[in-house]
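First up is the structure itself, then whatever we jot down about it.
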Amino acid sequence: MAENHPTCDVLIREGTIFDGTGTPGFKGDMAIKDGKVIASGRDLPHKAGKEIDARGCWITPGFLDIHTHYDAEVEVLPGLTESVRHGVTTVIMGNCSLSAAVGSEEEIIDLFCRVESLPRDLIEKWLVGNIKWNGPREYYEHLDTLPLGPNVASFLGHSNVRIKAMGMDRSLKQPKATAEEIEKMKAIVQEALDAGYLGLSVDMLPWHRMDGEAYKGISVPSQQAAFSEFRAMADVVRKANRVLQATPNALMKSTVVKLIGLSAGLLRKPLRTTMVAAMDVKTDRKVWRMATTLATIANKLLNANFRWQALADPFLNYADGVITPLFEEFSVGVDLISATPEKRKEMLRDPAIRRAFRKQWEDKSQRVFHRNLGDMWVVSSPDSDHVGLSIEAIAKANNKEPLECFLDLLAEYDTDFRWKTVVTNDRDLPRRSLLAHPTTLPGFNDSGAHNRNMAFHDGALKMLQQVYLNPGTMPIERAVHRLSGETAQWLGIDTGRITEGSVADVVIIDPDKMRTGLGDPIEYVDPALDNQMRMVKRSDGVVRDVLIGGKVAFEGGTFAADFGKEKYGRLLRARD
C-alpha cells in the first residue's frame, strides 16, 4: 500500500531554522500550506507542489523595517521591492509625524516632498487625483485594497492631525492650540487607534521641513506644537495601550528627557515609546552611552516602556551640492535648499551670505553634522580630478582656504557637485553595542526617505553580518529574534515568527555570501520613478528567497511576475 504523505504548498528542505522566538537554530525542514507554517522538523514526510533546497542556508522570519517613509510610494509601487529584496516582509509607515492618512492632496504633498527627496512633479503624479479617502479609518480601508508586497502597518502623523484641526497656517505659526482644537485632534487620534493603527508619531527635529510655495522651508507642524499638546495626544495613546513614535530635536537634549518622561509609568500606565535614534555621533562621542543609560534608568526606576531605534550601518549621507538633510541643521543651509538653482548660485556668491554661512558652519554649539571638510568626499563633479578627494584636499591642491573653496565649488557647480560623508555610527564596537542593548529596537532603516541621500534598506542583513563576523556580539538566534519576533511583539503586531500556525513570512539567507555580499549604496536610475535616480542597496545573493504569506515573492534574484500586482502582504492592525 502506498504511503499516505501529508501535503503542503511549499516545502523548504534542510536549512537551519531560526524561528524568531530567540531559541537556538536547528537543522530541519519547514512545510507551508494555505499561507501558514504547518510543520517544522527533521525529515518531514510532506509532499509539496514546490520544494526549496535550503542546505547551507538559514531559514528566518521576514524582518521588520520599523521606520519608513513609504507613505507616498506605496500608492504607486505597492511591492516596495527595494525593501523586500533584502528580506524585509513588514514595513512601518507614518513616522516622524508625517502620514498620508489625513489631509488634502496639496497638504500631503507639501509634507512629503522634502522628506522623500524626489521631484515634486513625481510626488504629484503619484498622489494627485488618487486620494479618495477621508480620515484615518478610510485610509486603512484603502491600504487594505492595495496589492501590497510586504505587510504594512502605520502610525498616524501628528503633523497631519494638527493641520486638520487647526488649518495649515495656524498649525505652522501657533504653538498653543485651543481647547476645541485639542479635542478635535484627540478625536482623530482615537479614530485611528480604533481602526488599528500602531499609535501616533510626533516630531521635534528641525531637519524635517515643508515644501510648497507658501510655507517652503518651515519646520513641519508637529515641531510647532507646545509640549502640552504632545501630553494630551500621548494620554490618548496610553489609554489605548498603543505606541508613541517620537523624533526629538537632536540639537536640544532636553527634548529627549521630556519625551522619555511621557513614557514613565509612576502612578499611571507606562506608555510604549520609541524614539529616533540611538547613534554614535562624531560630534559627541558620549551621546550613545548617555542615551542607553538614560533609557535604562527610565525603564527600571520610572516604570517606563521606552526603546531607542537603532541603525545597523554607518550613517552615510550623500549630498547634491547643498541638497542634503544635513544642511537643514542651520538657517543659511535651509534658505539655500529652498532657493531655485539660479537663486542659489547668486546667494553663494554674495559676500554677506557667505559670511553668514561661515559663522553658522563654524558655530561650536550643539550639532549633529560634523562639518569637517576633511571628512567630506567627492562622488562626482564636472571636474573629474575632484572625484575621490576630500573637500579639504581639493582646497589644498588649489591653495585655497577650505570653506571658501567649498563655497566656490557649490556656487559654480550647484547640484552637479556630489559629495558624501559618514555623520554617525562610524565605529564598529559602539554600533554593535547599540544593536544588542535591551533599550533599543534594531530595524531603523528610514526606507523611502531622502532617496537621493541615503539607503539603508538592508539594515537587517547588515546587523546579521556584524553578528556573524563578531560572534561575541550576541547569538545569531538572538539577532534574528530582535529583528523579527521581539520587535513585532513590542509593537503589538502579528508577525515575526515562523512557528507552527504562524503566517509564513520567511526568508532564506546564504550566510557564506553574507561575509562579503553587502556593500555601500549605489545610484540607481529607476524606471519605476520616471527614471529619477535614487540610492539603493544590492545584496549579491545573500537573500536567496523571500516568501510572504506563504507565496514565493523573490527567488534567485528575481521577483515573481505578479509581485506588486497581486496581494502578498497584509495590512497589520495593532493588537491591544
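Each chain of the C-alpha cells is named A, B, ... in the order shown, its residues numbered from 1; ligands are numbered from 1 in display order.
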
Strand (DSSP E or B) per DSSP on the backbone: members of stretch 224-354 of chain A, as a PyMOL selection string: chain A and resi 243-247+272-278+281+284+305-310+316-320+323

Excluding same-chain residues fewer than 2 positions from stretch 9-12 of chain A, what lies within 10 Å of it counting only C-alpha atoms, as a ChimeraX atom specification? /A:7,14-15,28-37,39-40,44-55,59,508,547,550-552

Measuring atom to atom with only C-alpha atoms, identify which of A:Cys8, A:Leu348, A:Leu311, A:Leu64 is nearest to A:Gly87.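 Closest residue, counting only C-alpha atoms: A:Leu64.
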
Nearest residue to A:Ser263 out of A:Val243, A:Ile353, A:Val387, A:Ala250, using only C-alpha atoms?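 Comparing A:Val243, A:Ile353, A:Val387, A:Ala250 against A:Ser263, the winner is A:Val243.
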
Selection near A:Ala264, 12 Å with only C-alpha atoms, sequence-local residues under 3 positions removed, as a PyMOL selection string: chain A and resi 234-235+238+257-261+267-273+295-306

Shell around stretch 138-152 of chain A at 10 Å using only C-alpha atoms, local window under 5 positions removed, as an mmCIF file with C-alpha atoms, in the first residue's frame:
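Here's the written file result-v6.cif:
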data_model
loop_
_atom_site.group_PDB
_atom_site.id
_atom_site.type_symbol
_atom_site.label_atom_id
_atom_site.label_comp_id
_atom_site.auth_asym_id
_atom_site.auth_seq_id
_atom_site.Cartn_x
_atom_site.Cartn_y
_atom_site.Cartn_z
ATOM 1 C CA GLY A 62 10.841 38.054 7.468
ATOM 2 C CA LEU A 64 10.724 44.390 10.145
ATOM 3 C CA ASP A 65 11.701 47.838 8.890
ATOM 4 C CA TYR A 70 6.924 54.800 2.028
ATOM 5 C CA VAL A 74 3.129 52.590 -1.644
ATOM 6 C CA GLU A 75 0.321 54.170 -3.655
ATOM 7 C CA VAL A 76 2.027 53.503 -6.996
ATOM 8 C CA LEU A 77 4.662 50.859 -6.220
ATOM 9 C CA PRO A 78 2.993 48.740 -3.531
ATOM 10 C CA GLY A 79 5.508 45.910 -3.957
ATOM 11 C CA LEU A 80 8.150 48.087 -2.211
ATOM 12 C CA THR A 81 10.765 45.889 -3.842
ATOM 13 C CA SER A 83 12.997 46.561 0.924
ATOM 14 C CA VAL A 84 11.646 43.105 0.131
ATOM 15 C CA GLY A 87 14.339 40.128 3.437
ATOM 16 C CA VAL A 88 12.014 42.809 4.806
ATOM 17 C CA THR A 89 8.447 41.493 4.920
ATOM 18 C CA THR A 90 6.916 44.155 7.196
ATOM 19 C CA VAL A 91 7.262 47.930 6.896
ATOM 20 C CA ILE A 92 6.070 50.551 9.370
ATOM 21 C CA MET A 93 4.919 53.844 7.833
ATOM 22 C CA ALA A 100 -0.977 60.157 4.216
ATOM 23 C CA ALA A 101 -3.968 59.250 6.370
ATOM 24 C CA VAL A 102 -5.296 62.783 6.889
ATOM 25 C CA ILE A 131 -6.503 60.464 -2.571
ATOM 26 C CA LYS A 132 -10.062 59.189 -2.252
ATOM 27 C CA TRP A 133 -10.137 58.569 1.488
ATOM 28 C CA ALA A 192 -7.014 55.884 14.079
ATOM 29 C CA ALA A 195 -9.030 51.367 13.213
ATOM 30 C CA GLY A 196 -5.871 49.503 14.299
ATOM 31 C CA TYR A 197 -3.050 51.999 13.828
ATOM 32 C CA THR A 495 4.185 38.820 12.595
ATOM 33 C CA ASP A 505 6.670 35.292 6.059
ATOM 34 C CA LEU A 547 8.114 34.190 0.964
ATOM 35 C CA ILE A 548 5.293 36.482 2.055
ATOM 36 C CA GLY A 549 2.040 34.936 3.181
ATOM 37 C CA ALA A 553 7.851 36.684 -3.759
ATOM 38 C CA ASP A 562 2.694 39.167 -10.290
ATOM 39 C CA PHE A 563 4.540 40.762 -7.372
ATOM 40 C CA GLY A 564 3.295 44.311 -6.861
ATOM 41 C CA LYS A 565 0.183 43.477 -8.908
ATOM 42 C CA GLU A 566 -1.382 40.830 -6.687
ATOM 43 C CA LYS A 567 -1.551 40.975 -2.905
ATOM 44 C CA TYR A 568 1.196 39.158 -0.986
ATOM 45 C CA GLY A 569 1.387 41.121 2.268
ATOM 46 C CA ARG A 570 -1.258 42.041 4.834
ATOM 47 C CA LEU A 571 -2.409 45.257 6.427
ATOM 48 C CA LEU A 572 -1.413 44.694 10.049
ATOM 49 C CA ARG A 573 -3.628 46.140 12.755
#

Please provide as an MDAnalysis selection string all residues within 12 Å of A:Phe230, with the sequence filter that same-chain residues fewer than 4 positions apart are discarded (counting only C-alpha atoms). chainID A and resid 97 158:159 161:162 175:177 182 185:186 189 200:204 222:226 234:238 244:246 248 255 258:259 261:263

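Atom pair atom CA of A:Met210 / atom CA of A:Leu122 has a distance of 16.5 Å (rounded to one decimal).
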